[in-house]
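Single-structure report; data block below.
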Amino acid sequence: MASLKFPLFLFLSSLFLHASLAEIICEYLPTEVCAFSIATSGKRCLLETAVEKDGYQCRTSQVVVVSMVNYMESDECVSACGVDRTSTGISSDALLQPQFTSKLCAPACYQNCPNIIDLYFNLAAGEGVLLADLCDAQRSNPRRTVIELLSAGAAPGPVSGSLVGEGPASAPL
């Protein structure tokens, strides 16, 4: 009987240790806190529409956050930054909304909520814009449209002048 107590003790200890480390596994998170959380693996959690059941489910994305792990965003940051935990997916389109950008760039969010800022920094970079530049433009001239700044990073239009083989280009095969 004594030989069974030690393995049982080790097993129960490992369960308590695992629980005390408070690992975040996206698939086990309640949907109310899924969005803007980072798993212990360093990957972002994302809220998806559930296919096999009604409602939503929390999944682990393939996006790795280099500087943070095991992180759940606070309600204060969600409110200060103007993000919504119940939205599925995320898009850089939010950066086109002046009301959203003003909240995102406000000191309460920009200086205190590194997880959300990191996420939108990467979204803005994907559009060819630095979030810091976007926020500077928003603070210095809130009437300047965000579209102007975002279009500044757009690919240049056609070049005028004489080019060899000038004329319409053929479509790729």
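Here, A, B, ... name the chains of the structure tokens in the order displayed, residue numbers run from 1 inside each chain, and ligands are numbered from 1 in the same displayed order.
If you count only C-alpha atoms and ignore residues fewer than 4 places along the chain from A:Arg59, what sits within 7 Å of it is A:Cys26, A:Glu27, A:Cys45, A:Leu46, A:Leu47.
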Dump as a compact mmCIF listing (two decimals), in the first residue's frame, selection limited to C-alpha atoms:
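Just written: again_26.txt:
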```txt
# COMPACT_ATOMS: atom_id res chain seq x y z
CA CYS A 26 -6.73 28.85 -26.36
CA GLU A 27 -9.09 25.93 -26.94
CA CYS A 45 -5.88 33.12 -29.60
CA LEU A 46 -8.68 33.93 -31.99
CA LEU A 47 -12.43 33.78 -31.78
```
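Taking only C-alpha atoms, the non-local environment of A:Thr86 within 10 Å (same-chain residues fewer than 3 positions away omitted) comprises Thr31, Glu32, Val33, Cys34, Ala35, Leu47, Glu48, Tyr56, Val83 and Gly89 of chain A.
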Please produce a file of those selected residues containing N, CA, C and O atoms, as a short mmCIF file (atom, residue, chain, number, x, y, z; two decimals), in the first residue's frame.
```cif
data_model
loop_
_atom_site.label_atom_id
_atom_site.label_comp_id
_atom_site.auth_asym_id
_atom_site.auth_seq_id
_atom_site.Cartn_x
_atom_site.Cartn_y
_atom_site.Cartn_z
N THR A 31 -15.09 31.87 -24.39
CA THR A 31 -15.12 32.77 -25.55
C THR A 31 -15.12 34.23 -25.13
O THR A 31 -14.70 35.08 -25.91
N GLU A 32 -15.53 34.53 -23.91
CA GLU A 32 -15.60 35.92 -23.45
C GLU A 32 -14.21 36.55 -23.27
O GLU A 32 -14.09 37.77 -23.22
N VAL A 33 -13.18 35.73 -23.13
CA VAL A 33 -11.83 36.27 -22.93
C VAL A 33 -10.85 35.78 -23.99
O VAL A 33 -9.65 36.02 -23.90
N CYS A 34 -11.34 35.11 -25.00
CA CYS A 34 -10.49 34.51 -26.03
C CYS A 34 -9.73 35.57 -26.84
O CYS A 34 -8.50 35.52 -26.94
N ALA A 35 -10.47 36.50 -27.42
CA ALA A 35 -9.84 37.51 -28.28
C ALA A 35 -8.85 38.33 -27.47
O ALA A 35 -9.10 38.67 -26.31
N LEU A 47 -11.04 34.18 -31.92
CA LEU A 47 -12.43 33.78 -31.78
C LEU A 47 -12.97 33.48 -33.18
O LEU A 47 -12.85 34.29 -34.08
N GLU A 48 -13.55 32.29 -33.34
CA GLU A 48 -14.11 31.88 -34.63
C GLU A 48 -15.56 31.47 -34.47
O GLU A 48 -15.97 31.05 -33.39
N TYR A 56 -19.64 30.41 -30.82
CA TYR A 56 -18.24 30.68 -31.12
C TYR A 56 -17.34 29.67 -30.44
O TYR A 56 -17.74 29.00 -29.50
N VAL A 83 -11.47 48.14 -28.71
CA VAL A 83 -11.60 46.87 -29.43
C VAL A 83 -12.76 46.07 -28.84
O VAL A 83 -13.25 46.37 -27.76
N GLY A 89 -12.34 37.43 -36.14
CA GLY A 89 -11.38 37.93 -37.11
C GLY A 89 -10.95 39.34 -36.77
O GLY A 89 -11.49 39.97 -35.88
#
```
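Proximity to A:Cys81 was assessed for A:Ala108, A:Ala137, A:Glu23, A:Gln62 counting only C-alpha atoms; the smallest distance is recorded for A:Ala108.
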*Restricting the calculation to only C-alpha atoms, which member of A:Gln111, A:Ser67, A:Ser91, A:Asn141 is positioned closest to A:Gly126?*
A:Ser91
*Interatomic distance between atom CA of A:Lys43 and atom CA of A:Pro98?*
29.1 Å
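Between atom CA of A:Asp118 and atom CA of A:Cys58 the separation is 20.2 Å.
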*Based on DSSP run over this structure's backbone, return all residues of stretch 3-146 of chain A in alpha helix (DSSP H), as a ChimeraX atom specification.*
/A:3-20,31-34,75-81,98-105,107-110,114-126,131-140,146
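Between A:Cys77 and the candidates A:Asn112, A:Asp133, A:Leu119, A:Ala22, the tightest atom-to-atom separation, counting only C-alpha atoms, involves A:Asn112.
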*asked:* Report, in Å with one decimal, the straight-line distance from atom CA of A:Asp136 to atom CA of A:Leu104.
replied: 11.7 Å
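Comparing A:Val66, A:Met72, A:Val51, A:Ile117 by their smallest distance to A:Leu29, the closest is A:Met72 (using only C-alpha atoms).
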*Which of these residues is nearest to A:Ser87, using only C-alpha atoms: A:Phe36, A:Asp75, A:Ile116, A:Asn70?*
A:Phe36
